[in-house]
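Structure data (mmCIF, C-alpha atoms) from model15.cif:
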data_data
loop_
_atom_site.group_PDB
_atom_site.id
_atom_site.type_symbol
_atom_site.label_atom_id
_atom_site.label_comp_id
_atom_site.auth_asym_id
_atom_site.auth_seq_id
_atom_site.Cartn_x
_atom_site.Cartn_y
_atom_site.Cartn_z
ATOM 1 C CA MET A 133 175.786 176.225 -54.696
ATOM 2 C CA THR A 134 173.855 174.967 -57.693
ATOM 3 C CA PRO A 135 172.591 171.369 -58.069
ATOM 4 C CA ASN A 136 175.172 170.752 -60.813
ATOM 5 C CA GLU A 137 178.005 171.938 -58.555
ATOM 6 C CA LEU A 138 176.797 169.619 -55.802
ATOM 7 C CA SER A 139 176.552 166.779 -58.328
ATOM 8 C CA LEU A 140 180.186 167.373 -59.275
ATOM 9 C CA LEU A 141 181.296 167.115 -55.647
ATOM 10 C CA LEU A 142 179.275 163.940 -55.075
ATOM 11 C CA GLY A 143 180.588 162.498 -58.339
ATOM 12 C CA LEU A 144 184.188 163.049 -57.241
ATOM 13 C CA VAL A 145 183.499 161.407 -53.877
ATOM 14 C CA LEU A 146 181.725 158.489 -55.565
ATOM 15 C CA ALA A 147 184.654 157.995 -57.941
ATOM 16 C CA HIS A 148 187.011 157.943 -54.952
ATOM 17 C CA LEU A 149 184.922 155.334 -53.136
ATOM 18 C CA VAL A 150 184.725 153.124 -56.224
ATOM 19 C CA GLY A 151 188.458 153.377 -56.847
ATOM 20 C CA ASP A 152 189.521 152.867 -53.241
ATOM 21 C CA PHE A 153 187.144 150.111 -52.165
ATOM 22 C CA LEU A 154 185.660 148.399 -55.212
ATOM 23 C CA LEU A 155 188.480 148.497 -57.771
ATOM 24 C CA GLN A 156 191.386 147.816 -55.422
ATOM 25 C CA PRO A 157 191.946 144.065 -54.876
ATOM 26 C CA ARG A 158 193.355 142.978 -51.553
ATOM 27 C CA HIS A 159 196.606 141.751 -53.090
ATOM 28 C CA TRP A 160 197.254 145.272 -54.396
ATOM 29 C CA VAL A 161 197.137 146.569 -50.826
ATOM 30 C CA GLU A 162 199.319 143.741 -49.519
ATOM 31 C CA GLU A 163 201.907 144.332 -52.238
ATOM 32 C CA ARG A 164 201.915 148.062 -51.503
ATOM 33 C CA PHE A 165 202.741 147.479 -47.848
ATOM 34 C CA ARG A 166 205.396 144.938 -48.796
ATOM 35 C CA LEU A 167 207.141 146.636 -51.728
ATOM 36 C CA ARG A 168 206.108 150.282 -51.179
ATOM 37 C CA HIS A 169 207.361 152.454 -54.070
ATOM 38 C CA ARG A 170 208.433 149.353 -55.992
ATOM 39 C CA SER A 171 204.853 148.082 -56.137
ATOM 40 C CA ARG A 172 203.527 148.319 -59.686
ATOM 41 C CA HIS A 173 199.981 147.991 -58.347
ATOM 42 C CA LEU A 174 200.446 151.233 -56.435
ATOM 43 C CA TYR A 175 200.880 152.934 -59.817
ATOM 44 C CA TYR A 176 197.862 151.065 -61.179
ATOM 45 C CA HIS A 177 195.831 152.276 -58.203
ATOM 46 C CA GLY A 178 196.791 155.910 -58.807
ATOM 47 C CA ALA A 179 195.962 155.509 -62.485
ATOM 48 C CA VAL A 180 192.522 154.083 -61.642
ATOM 49 C CA HIS A 181 191.729 157.106 -59.491
ATOM 50 C CA GLY A 182 193.028 159.457 -62.152
ATOM 51 C CA GLY A 183 190.877 157.793 -64.798
ATOM 52 C CA LEU A 184 187.724 157.859 -62.696
ATOM 53 C CA THR A 185 188.311 161.512 -61.817
ATOM 54 C CA ALA A 186 188.857 162.375 -65.473
ATOM 55 C CA LEU A 187 185.552 160.709 -66.346
ATOM 56 C CA VAL A 188 183.675 162.736 -63.714
ATOM 57 C CA LEU A 189 185.320 166.004 -64.724
ATOM 58 C CA LEU A 190 184.664 165.427 -68.431
ATOM 59 C CA VAL A 191 180.977 164.912 -67.677
ATOM 60 C CA ALA A 192 181.088 168.089 -65.566
ATOM 61 C CA THR A 193 182.284 170.086 -68.580
ATOM 62 C CA LEU A 194 178.863 169.416 -70.111
ATOM 63 C CA LEU A 195 176.954 170.455 -66.975
ATOM 64 C CA LEU A 196 178.879 173.514 -65.775
ATOM 65 C CA PRO A 197 178.949 176.481 -68.151
ATOM 66 C CA ASP A 198 182.203 177.891 -66.757
ATOM 67 C CA ALA A 199 184.034 174.573 -66.397
ATOM 68 C CA PRO A 200 187.754 174.560 -67.368
ATOM 69 C CA GLY A 201 187.160 172.057 -70.179
ATOM 70 C CA PRO A 202 189.045 168.893 -71.247
ATOM 71 C CA ALA A 203 192.449 170.371 -70.394
ATOM 72 C CA GLY A 204 191.208 171.147 -66.871
ATOM 73 C CA ALA A 205 189.788 167.638 -66.580
ATOM 74 C CA LEU A 206 193.171 166.175 -67.513
ATOM 75 C CA GLY A 207 194.949 168.395 -64.986
ATOM 76 C CA GLY A 208 192.506 167.500 -62.230
ATOM 77 C CA ALA A 209 192.812 163.800 -62.999
ATOM 78 C CA LEU A 210 196.601 164.035 -62.952
ATOM 79 C CA GLY A 211 196.481 165.852 -59.615
ATOM 80 C CA VAL A 212 194.261 163.180 -58.075
ATOM 81 C CA GLY A 213 196.316 160.294 -59.456
ATOM 82 C CA VAL A 214 199.679 161.678 -58.313
ATOM 83 C CA SER A 215 198.411 162.819 -54.899
ATOM 84 C CA HIS A 216 196.778 159.420 -54.363
ATOM 85 C CA TRP A 217 200.052 157.674 -55.170
ATOM 86 C CA ILE A 218 201.994 159.888 -52.725
ATOM 87 C CA ILE A 219 199.462 159.580 -49.889
ATOM 88 C CA ASP A 220 199.185 155.803 -50.243
ATOM 89 C CA LEU A 221 202.965 155.456 -50.423
ATOM 90 C CA VAL A 222 203.313 157.315 -47.120
ATOM 91 C CA LYS A 223 200.514 155.238 -45.626
ATOM 92 C CA ALA A 224 202.354 152.048 -46.632
ATOM 93 C CA ARG A 225 205.096 153.024 -44.166
ATOM 94 C CA LEU A 226 202.635 153.410 -41.279
ATOM 95 C CA PRO A 227 200.740 150.860 -39.179
ATOM 96 C CA GLY A 228 197.411 149.738 -40.592
ATOM 97 C CA THR A 229 195.367 151.239 -37.762
ATOM 98 C CA LEU A 230 192.061 153.107 -37.788
ATOM 99 C CA ARG A 231 193.797 156.406 -37.010
ATOM 100 C CA TRP A 232 195.967 156.304 -40.126
ATOM 101 C CA PHE A 233 193.112 154.986 -42.259
ATOM 102 C CA LEU A 234 190.935 157.976 -41.315
ATOM 103 C CA LEU A 235 193.806 160.387 -41.918
ATOM 104 C CA ASP A 236 194.443 158.771 -45.319
ATOM 105 C CA GLN A 237 190.805 159.192 -46.335
ATOM 106 C CA ALA A 238 190.712 162.774 -45.038
ATOM 107 C CA LEU A 239 193.729 163.706 -47.166
ATOM 108 C CA HIS A 240 192.242 162.141 -50.298
ATOM 109 C CA LEU A 241 188.937 163.923 -49.773
ATOM 110 C CA SER A 242 190.751 167.213 -49.130
ATOM 111 C CA VAL A 243 192.396 166.937 -52.556
ATOM 112 C CA LEU A 244 188.994 166.308 -54.138
ATOM 113 C CA LEU A 245 187.550 169.304 -52.296
ATOM 114 C CA LEU A 246 190.313 171.568 -53.596
ATOM 115 C CA ILE A 247 189.731 170.379 -57.156
ATOM 116 C CA TRP A 248 186.000 170.918 -56.782
ATOM 117 C CA LEU A 249 186.485 174.470 -55.480
ATOM 118 C CA ALA A 250 188.839 175.207 -58.376
ATOM 119 C CA TRP A 251 186.263 173.928 -60.857
ATOM 120 C CA ILE A 252 183.331 175.905 -59.506
ATOM 121 C CA GLY A 253 185.571 178.969 -59.163
ATOM 122 C CA SER A 254 184.143 180.119 -55.848
ATOM 123 C CA MET A 255 184.883 179.889 -52.124
ATOM 124 C CA ALA A 256 181.242 180.595 -51.245
ATOM 125 C CA PRO A 257 180.503 176.958 -50.242
ATOM 126 C CA LEU A 258 183.342 177.024 -47.688
ATOM 127 C CA GLU A 259 182.177 180.361 -46.348
ATOM 128 C CA SER A 260 178.625 179.035 -45.981
ATOM 129 C CA LEU A 261 179.936 175.880 -44.319
ATOM 130 C CA GLY A 262 182.020 177.928 -41.884
ATOM 131 C CA ALA A 263 179.040 180.080 -40.937
ATOM 132 C CA TRP A 264 176.909 176.966 -40.435
ATOM 133 C CA LEU A 265 179.558 175.231 -38.294
ATOM 134 C CA LEU A 266 179.817 178.303 -36.042
ATOM 135 C CA SER A 267 176.059 178.590 -35.536
ATOM 136 C CA PRO A 268 174.753 178.037 -31.962
ATOM 137 C CA GLY A 269 172.751 174.978 -32.991
ATOM 138 C CA VAL A 270 175.694 173.118 -34.513
ATOM 139 C CA LEU A 271 178.027 174.053 -31.647
ATOM 140 C CA GLY A 272 175.429 172.910 -29.103
ATOM 141 C CA VAL A 273 174.895 169.571 -30.847
ATOM 142 C CA ALA A 274 178.671 169.035 -31.161
ATOM 143 C CA ALA A 275 179.110 169.755 -27.447
ATOM 144 C CA ALA A 276 176.318 167.304 -26.566
ATOM 145 C CA TYR A 277 177.842 164.524 -28.662
ATOM 146 C CA LEU A 278 181.216 165.169 -27.057
ATOM 147 C CA ILE A 279 179.723 165.079 -23.556
ATOM 148 C CA VAL A 280 178.071 161.668 -24.039
ATOM 149 C CA THR A 281 181.393 160.029 -24.966
ATOM 150 C CA ARG A 282 184.350 160.102 -22.567
ATOM 151 C CA PRO A 283 183.090 162.761 -20.106
ATOM 152 C CA LEU A 284 179.906 160.839 -19.293
ATOM 153 C CA SER A 285 181.854 157.570 -19.197
ATOM 154 C CA PHE A 286 184.047 158.990 -16.430
ATOM 155 C CA ALA A 287 181.053 160.451 -14.592
ATOM 156 C CA ILE A 288 179.034 157.216 -14.745
ATOM 157 C CA ALA A 289 182.064 155.180 -13.640
ATOM 158 C CA MET A 290 182.427 157.426 -10.585
ATOM 159 C CA VAL A 291 178.703 157.156 -9.813
ATOM 160 C CA LEU A 292 178.894 153.352 -9.979
ATOM 161 C CA THR A 293 182.151 153.056 -8.020
ATOM 162 C CA PRO A 294 180.481 151.902 -4.754
ATOM 163 C CA TRP A 295 178.854 149.006 -6.594
ATOM 164 C CA SER A 296 181.574 148.199 -9.125
ATOM 165 C CA ARG A 297 183.857 147.103 -6.272
ATOM 166 C CA GLN A 298 181.357 144.347 -5.485
ATOM 167 C CA ILE A 299 181.232 143.080 -9.069
ATOM 168 C CA GLU A 300 183.770 140.892 -10.782
ATOM 169 C CA GLU A 301 182.555 140.167 -14.300
ATOM 170 C CA ALA A 302 184.916 137.708 -15.972
ATOM 171 C CA GLY A 303 185.010 136.675 -19.609
ATOM 172 C CA THR A 304 184.445 140.137 -21.103
ATOM 173 C CA LEU A 305 186.477 142.149 -23.573
ATOM 174 C CA ASP A 306 188.742 144.841 -22.192
ATOM 175 C CA GLN A 307 186.928 148.217 -22.121
ATOM 176 C CA ALA A 308 183.994 146.677 -24.029
ATOM 177 C CA GLY A 309 181.452 147.926 -21.501
ATOM 178 C CA ALA A 310 182.674 151.512 -21.786
ATOM 179 C CA GLN A 311 182.624 151.397 -25.602
ATOM 180 C CA ILE A 312 179.134 149.873 -25.643
ATOM 181 C CA GLY A 313 177.967 152.573 -23.257
ATOM 182 C CA MET A 314 179.342 155.358 -25.459
ATOM 183 C CA LEU A 315 177.708 153.932 -28.582
ATOM 184 C CA GLU A 316 174.470 153.503 -26.684
ATOM 185 C CA ARG A 317 174.491 157.140 -25.570
ATOM 186 C CA LEU A 318 175.346 158.360 -29.069
ATOM 187 C CA LEU A 319 172.353 156.463 -30.446
ATOM 188 C CA VAL A 320 170.030 157.681 -27.687
ATOM 189 C CA LEU A 321 171.126 161.306 -28.168
ATOM 190 C CA SER A 322 170.612 161.041 -31.940
ATOM 191 C CA LEU A 323 167.130 159.594 -31.450
ATOM 192 C CA VAL A 324 166.190 162.299 -28.947
ATOM 193 C CA LEU A 325 167.378 165.088 -31.244
ATOM 194 C CA LEU A 326 165.375 163.503 -34.076
ATOM 195 C CA ASP A 327 162.304 163.334 -31.787
ATOM 196 C CA GLN A 328 162.207 159.539 -31.989
ATOM 197 C CA LEU A 329 161.720 158.742 -28.319
ATOM 198 C CA THR A 330 159.813 155.552 -29.123
ATOM 199 C CA ALA A 331 162.917 154.163 -30.789
ATOM 200 C CA VAL A 332 164.831 154.670 -27.534
ATOM 201 C CA GLY A 333 162.492 152.126 -25.958
ATOM 202 C CA PHE A 334 163.251 149.647 -28.737
ATOM 203 C CA LEU A 335 166.967 150.204 -28.196
ATOM 204 C CA LEU A 336 166.663 149.454 -24.485
ATOM 205 C CA ALA A 337 164.519 146.388 -25.202
ATOM 206 C CA ALA A 338 167.088 145.073 -27.699
ATOM 207 C CA LYS A 339 169.899 145.500 -25.196
ATOM 208 C CA SER A 340 167.849 143.766 -22.505
ATOM 209 C CA VAL A 341 167.239 140.790 -24.779
ATOM 210 C CA LEU A 342 170.950 140.517 -25.597
ATOM 211 C CA ARG A 343 172.008 140.680 -21.949
ATOM 212 C CA TYR A 344 169.196 138.503 -20.572
ATOM 213 C CA GLY A 345 170.802 135.173 -21.443
ATOM 214 C CA ASP A 346 174.198 136.108 -19.988
ATOM 215 C CA LEU A 347 172.722 137.417 -16.775
ATOM 216 C CA ARG A 348 170.453 134.390 -16.356
ATOM 217 C CA GLU A 349 173.349 131.985 -16.879
ATOM 218 C CA ALA A 350 175.523 133.932 -14.464
ATOM 219 C CA GLY A 351 172.824 133.677 -11.810
ATOM 220 C CA ASP A 352 174.308 136.714 -10.112
ATOM 221 C CA ARG A 353 171.721 139.128 -8.753
ATOM 222 C CA LYS A 354 174.369 141.735 -7.967
ATOM 223 C CA LEU A 355 175.599 141.679 -11.559
ATOM 224 C CA THR A 356 172.047 142.000 -12.877
ATOM 225 C CA GLU A 357 171.348 144.977 -10.648
ATOM 226 C CA TYR A 358 174.692 146.569 -11.553
ATOM 227 C CA VAL A 359 174.065 146.267 -15.314
ATOM 228 C CA LEU A 360 170.535 147.619 -14.903
ATOM 229 C CA LEU A 361 171.736 150.527 -12.790
ATOM 230 C CA GLY A 362 174.495 151.418 -15.248
ATOM 231 C CA THR A 363 172.105 151.297 -18.214
ATOM 232 C CA LEU A 364 169.496 153.464 -16.515
ATOM 233 C CA VAL A 365 172.041 156.054 -15.392
ATOM 234 C CA SER A 366 173.562 156.176 -18.899
ATOM 235 C CA VAL A 367 170.248 156.473 -20.727
ATOM 236 C CA ALA A 368 168.656 158.851 -18.215
ATOM 237 C CA THR A 369 171.522 161.338 -18.329
ATOM 238 C CA THR A 370 171.557 161.244 -22.122
ATOM 239 C CA LEU A 371 167.802 161.764 -22.285
ATOM 240 C CA VAL A 372 168.033 164.774 -19.984
ATOM 241 C CA LEU A 373 170.906 166.218 -21.998
ATOM 242 C CA GLY A 374 169.137 165.677 -25.331
ATOM 243 C CA LEU A 375 165.802 167.086 -24.172
ATOM 244 C CA THR A 376 167.518 170.094 -22.591
ATOM 245 C CA LEU A 377 169.393 170.781 -25.827
ATOM 246 C CA ARG A 378 166.175 170.522 -27.839
ATOM 247 C CA LEU A 379 164.509 172.990 -25.483
ATOM 248 C CA LEU A 380 167.404 175.446 -25.795
ATOM 249 C CA LEU A 381 167.492 175.178 -29.592
ATOM 250 C CA SER A 382 163.727 175.708 -29.906
ATOM 251 C CA SER A 383 163.600 178.740 -27.589
ATOM 252 C CA PRO A 384 164.078 182.204 -29.134
ATOM 253 C CA ILE A 385 167.413 183.887 -28.407
#
Structure rendered as structure tokens:
Amino acid sequence: MTPNELSLLLGLVLAHLVGDFLLQPRHWVEERFRLRHRSRHLYYHGAVHGGLTALVLLVATLLLPDAPGPAGALGGALGVGVSHWIIDLVKARLPGTLRWFLLDQALHLSVLLLIWLAWIGSMAPLESLGAWLLSPGVLGVAAAYLIVTRPLSFAIAMVLTPWSRQIEEAGTLDQAGAQIGMLERLLVLSLVLLDQLTAVGFLLAAKSVLRYGDLREAGDRKLTEYVLLGTLVSVATTLVLGLTLRLLLSSPI
């Protein structure tokens, strides 16, 4: 993949982000959910994306020697505009949840990827990506990130069961502790894999500062010990996992 081909892909993604998040007023979205296919702003939104895509593709005709040209730019822009209108129309019939938002964005980006592959006239980038995704290093890192989410949450909860029965922490969000723990482990694992162990100490210090006031006001020694125990178990297991993975990745096969 040449730098110009990569620039085309990034340009298409940038145009999508500008059209979807900077040039789409909130009342356009509200009208789309209310009127669906009768919303004129839904058509405006598709036209904005088509125009931005056309601009990127026209610039690409100057950078890529084998680019389809202005006619190809018009076809690509039309494809993006129409597909965006269809995808957003379907989304308007679904709940506005994170799941559907991520699916919506994935579909839009898939269309852009197909247009990009058509413009560069090669499937080599996908083949290279597939080979990279199936490499031992990537599979090992993916497995580690998966382990530190729900699997470790269940394991830590079982480890802390004898003490959790003695703790009744009121005034907290439902499942907030589990979500905080997962994010904490994801950050710790990332820092370990990046060989930034010092930053792990800063992360623990920041969490201690945030929890210090609550624990002091609660005046509950059991709660303090329980939070400390949970944090140490969570961080220690993630550190061991991250360091073990680093050792395996650095050792010759």
Give me the residues of segment 245-290 of chain A that have any atom at most 12 Å from an atom of segment 211-231 of chain A; for each, the nearest atom pair and the distance in Å, rounded to one decimal. Use only C-alpha atoms, sort by chain and number, and format it as a Markdown table.
| residue | atom | partner | partner_atom | distance |
| --- | --- | --- | --- | --- |
| A:Leu245 | CA | A:Val212 | CA | 10.8 |
| A:Leu246 | CA | A:Val212 | CA | 10.3 |
| A:Ile247 | CA | A:Gly211 | CA | 8.5 |
| A:Trp248 | CA | A:Val212 | CA | 11.4 |
Output C-alpha atoms for every residue in the selection just made, as a PDB file, keeping the file's coordinate frame.
ATOM      1  CA  LEU A 245     187.550 169.304 -52.296  1.00  0.00           C
ATOM      2  CA  LEU A 246     190.313 171.568 -53.596  1.00  0.00           C
ATOM      3  CA  ILE A 247     189.731 170.379 -57.156  1.00  0.00           C
ATOM      4  CA  TRP A 248     186.000 170.918 -56.782  1.00  0.00           C
TER       5      TRP A 248
END
Exercise: residues within 9 Å of coordinate (192.0, 165.7, -63.1), counting all atoms listed in the file, as number ranges by chain: A: 182-189, 203-213, 247
Ground truth for the PyMOL selection byres ((chain A and resi 285) around 10), written as a PyMOL selection string: chain A and resi 279-284+286-291+309-311+313-314+317+366
Separation of atom CA of Ile312 of chain A from atom CA of Val341 of chain A in Å: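 Separation between atom CA of Val341 of chain A and atom CA of Ile312 of chain A: 15.0 Å.
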Nearest candidate to Leu142 of chain A (options A:Val161, A:Ala192, A:Leu265, A:Val324; using all atoms listed in the file):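 Closest to Leu142 of chain A of all the choices is A:Ala192.
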Point-to-point distance from atom CA of Thr356 of chain A to atom CA of Trp295 of chain A, Å rounded to tenths: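 If I compute the distance from atom CA of Thr356 of chain A to atom CA of Trp295 of chain A, I get 11.6 Å.
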Residue nearest Thr134 of chain A among A:Ile252, A:Thr363, A:Phe153, A:Ala238 (counting only C-alpha atoms): A:Ile252
Length of the atom CA of Thr376 of chain A to atom CA of Val359 of chain A vector [Å]: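 Computing it gives 25.8 Å between the two atoms.
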Would you compute, for all listed atoms of segment 199-212 of chain A, the axis-aligned bounding box grown by 5 Å on each side, and then report its centre and edge lengths in Å rounded to one decimal, as lines of an AutoDock Vina configuration file?
center_x = 190.3
center_y = 168.9
center_z = -64.7
size_x = 22.6
size_y = 21.4
size_z = 23.2
Minimum-distance residue to Gln237 of chain A, chosen among A:Arg166, A:His181, A:His148, A:Lys354 (using all atoms listed in the file):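 Between A:Arg166, A:His181, A:His148, A:Lys354, the residue approaching Gln237 of chain A most closely is A:His148.
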Expected selection from the PyMOL selection byres ((chain A and resi 373) around 12), given as a ChimeraX atom specification: /A:272-273,275-280,284,317-318,320-322,324-325,366-372,374-380
